[in-house]
Amino acid sequence: MRNKTIFEMQAEVCKTIANPKRLEIIHCLKEGEKTVSELVEILGVPKANVSQHLAVMRTKGVLVNRRDGVNIYYSISNPKVVQACTLMKDVLTEQMRERSKLLAGEKVAS
C-alpha cells in the first residue's frame with residue numbers, strides 16, 4: 001500500500017507554488033536570500049502582495065526566513081525545491097520548442 005500522506009503533502013506543496021508570482025519569487029531566491037524590499041524592487045509589485053506570497057510559502061515550508069535588525073531575509077528551505085521548479089520549466093521549454101517545430105513544419109507544408 002502506498003503512503004497517501006506523502007501524496008497529500010506533495011499536492012499541498014504543488015498548490016502552494018502553482019502561482020506565477022510565487023514561481024518568480026523562487027527564481028529570485030535561487031541565488032540566495034533576499035529581503036522583502038529587494039524582492040519588491042526585482043518583481044515590481046506592491047510590498048503587501050510580495051509579503052502575502054512569502055507568508056504562504058513560509059507557512060507551507062517552501063521558504064524559511066531570518067530576522068537581522070529591521071530586515072527579514074527569505075530563502076528557499078531546500079535546494080530541491082529549485083531543482084523541481086527548474087525541471088518543470090525545462091519540460092515546458094522542450095514542449096514549446098516541439099510545438100514551434102510542428103507549427104513551422106505545417107507552414108512549410110501549406
# chains A, B, ... in the order shown; residues from 1 in each chain; ligands from 1
>>> residues_around(residues="range 9-21 of chain A", least_positions_apart="6", cutoff="12 Å", atoms="only C-alpha atoms", output="PDB file with C-alpha atoms, in the first residue's frame")
ATOM      1  CA  ASN A   3       1.658   6.136   1.728  1.00  0.00           C
ATOM      2  CA  HIS A  27      13.548  32.011  -9.177  1.00  0.00           C
ATOM      3  CA  CYS A  28      14.750  35.217  -7.473  1.00  0.00           C
ATOM      4  CA  LEU A  39      12.042  41.243  -3.871  1.00  0.00           C
ATOM      5  CA  VAL A  40       9.603  44.156  -4.250  1.00  0.00           C
ATOM      6  CA  ILE A  42      13.009  42.972  -8.502  1.00  0.00           C
ATOM      7  CA  LEU A  43       9.398  41.909  -9.045  1.00  0.00           C
ATOM      8  CA  GLY A  44       7.892  45.372  -9.390  1.00  0.00           C
ATOM      9  CA  VAL A  45       4.808  44.545  -7.343  1.00  0.00           C
ATOM     10  CA  PRO A  46       3.455  46.094  -4.125  1.00  0.00           C
ATOM     11  CA  ASN A  49       1.471  41.413  -2.430  1.00  0.00           C
ATOM     12  CA  VAL A  50       5.039  40.107  -2.051  1.00  0.00           C
ATOM     13  CA  SER A  51       4.617  39.725   1.717  1.00  0.00           C
ATOM     14  CA  GLN A  52       1.436  37.711   1.249  1.00  0.00           C
ATOM     15  CA  HIS A  53       3.108  35.292  -1.173  1.00  0.00           C
ATOM     16  CA  LEU A  54       6.141  34.946   1.102  1.00  0.00           C
ATOM     17  CA  ALA A  55       3.938  34.203   4.118  1.00  0.00           C
ATOM     18  CA  VAL A  56       2.056  31.459   2.278  1.00  0.00           C
ATOM     19  CA  MET A  57       5.260  29.825   1.061  1.00  0.00           C
ATOM     20  CA  ARG A  58       6.866  30.070   4.506  1.00  0.00           C
ATOM     21  CA  THR A  59       3.808  28.546   6.190  1.00  0.00           C
ATOM     22  CA  LYS A  60       3.875  25.620   3.749  1.00  0.00           C
ATOM     23  CA  GLY A  61       7.611  25.057   4.299  1.00  0.00           C
ATOM     24  CA  VAL A  62       8.810  26.167   0.856  1.00  0.00           C
ATOM     25  CA  LEU A  63      10.681  29.166   2.303  1.00  0.00           C
ATOM     26  CA  VAL A  81      12.521  22.943  -4.483  1.00  0.00           C
ATOM     27  CA  VAL A  82      14.547  24.925  -7.031  1.00  0.00           C
ATOM     28  CA  ALA A  84      11.897  20.645  -9.087  1.00  0.00           C
ATOM     29  CA  CYS A  85      10.841  24.040 -10.456  1.00  0.00           C
ATOM     30  CA  MET A  88       9.326  21.507 -14.767  1.00  0.00           C
ATOM     31  CA  LYS A  89      10.416  24.693 -16.560  1.00  0.00           C
TER      32      LYS A  89
END
>>> atom_distance(atom1="CA of Lys80 in chain A", atom2="CA of Val36 in chain A")
22.3 Å
>>> residues_around(residues="range 72-76 of chain A", least_positions_apart="2", cutoff="6 Å", atoms="only C-alpha atoms", output="list of chain:residue names")
A:Leu29, A:Glu33, A:Lys34, A:Thr35, A:Leu63, A:Val64, A:Asn65, A:Arg66, A:Arg67, A:Asn78
>>> write_last_selection(atoms="C-alpha atoms", output="PDB file, in the first residue's frame")
ATOM      1  CA  LEU A  29      15.747  33.327  -4.337  1.00  0.00           C
ATOM      2  CA  GLU A  33      18.408  35.023   0.399  1.00  0.00           C
ATOM      3  CA  LYS A  34      16.772  38.388  -0.174  1.00  0.00           C
ATOM      4  CA  THR A  35      14.789  40.886   1.856  1.00  0.00           C
ATOM      5  CA  LEU A  63      10.681  29.166   2.303  1.00  0.00           C
ATOM      6  CA  VAL A  64      12.401  29.994   5.574  1.00  0.00           C
ATOM      7  CA  ASN A  65      13.179  33.400   6.987  1.00  0.00           C
ATOM      8  CA  ARG A  66      15.513  35.079   9.450  1.00  0.00           C
ATOM      9  CA  ARG A  67      15.472  38.489  11.024  1.00  0.00           C
ATOM     10  CA  ASN A  78      15.503  23.067   0.488  1.00  0.00           C
TER      11      ASN A  78
END
>>> select_by_dssp(residues="range 32-98 of chain A", states="strand (DSSP E)", output="PyMOL selection string")
chain A and resi 34-35+63-68+71-76
>>> write_last_selection(atoms="N, CA and C atoms", output="mmCIF file, in the first residue's frame")
data_model
loop_
_atom_site.group_PDB
_atom_site.id
_atom_site.type_symbol
_atom_site.label_atom_id
_atom_site.label_comp_id
_atom_site.auth_asym_id
_atom_site.auth_seq_id
_atom_site.Cartn_x
_atom_site.Cartn_y
_atom_site.Cartn_z
ATOM 1 N N LYS A 34 17.061 36.986 0.151
ATOM 2 C CA LYS A 34 16.772 38.388 -0.174
ATOM 3 C C LYS A 34 15.763 38.922 0.827
ATOM 4 N N THR A 35 15.777 40.240 0.994
ATOM 5 C CA THR A 35 14.789 40.886 1.856
ATOM 6 C C THR A 35 13.503 41.113 1.072
ATOM 7 N N LEU A 63 9.686 28.149 1.955
ATOM 8 C CA LEU A 63 10.681 29.166 2.303
ATOM 9 C C LEU A 63 10.928 29.170 3.806
ATOM 10 N N VAL A 64 12.082 29.699 4.171
ATOM 11 C CA VAL A 64 12.401 29.994 5.574
ATOM 12 C C VAL A 64 12.806 31.459 5.641
ATOM 13 N N ASN A 65 12.761 32.005 6.852
ATOM 14 C CA ASN A 65 13.179 33.400 6.987
ATOM 15 C C ASN A 65 14.007 33.586 8.246
ATOM 16 N N ARG A 66 14.742 34.694 8.260
ATOM 17 C CA ARG A 66 15.513 35.079 9.450
ATOM 18 C C ARG A 66 15.473 36.586 9.556
ATOM 19 N N ARG A 67 15.501 37.051 10.781
ATOM 20 C CA ARG A 67 15.472 38.489 11.024
ATOM 21 C C ARG A 67 16.881 38.961 11.368
ATOM 22 N N ASP A 68 17.238 40.104 10.791
ATOM 23 C CA ASP A 68 18.510 40.759 11.103
ATOM 24 C C ASP A 68 18.197 42.245 11.256
ATOM 25 N N ASN A 71 15.390 44.056 9.050
ATOM 26 C CA ASN A 71 15.196 43.292 7.817
ATOM 27 C C ASN A 71 14.848 41.834 8.089
ATOM 28 N N ILE A 72 13.955 41.323 7.252
ATOM 29 C CA ILE A 72 13.641 39.896 7.261
ATOM 30 C C ILE A 72 14.132 39.331 5.939
ATOM 31 N N TYR A 73 14.985 38.334 6.037
ATOM 32 C CA TYR A 73 15.568 37.704 4.853
ATOM 33 C C TYR A 73 14.860 36.380 4.591
ATOM 34 N N TYR A 74 14.497 36.160 3.327
ATOM 35 C CA TYR A 74 13.836 34.922 2.920
ATOM 36 C C TYR A 74 14.777 34.100 2.058
ATOM 37 N N SER A 75 14.669 32.789 2.199
ATOM 38 C CA SER A 75 15.455 31.881 1.373
ATOM 39 C C SER A 75 14.667 30.591 1.163
ATOM 40 N N ILE A 76 15.116 29.795 0.212
ATOM 41 C CA ILE A 76 14.495 28.515 -0.104
ATOM 42 C C ILE A 76 14.831 27.533 1.016
#
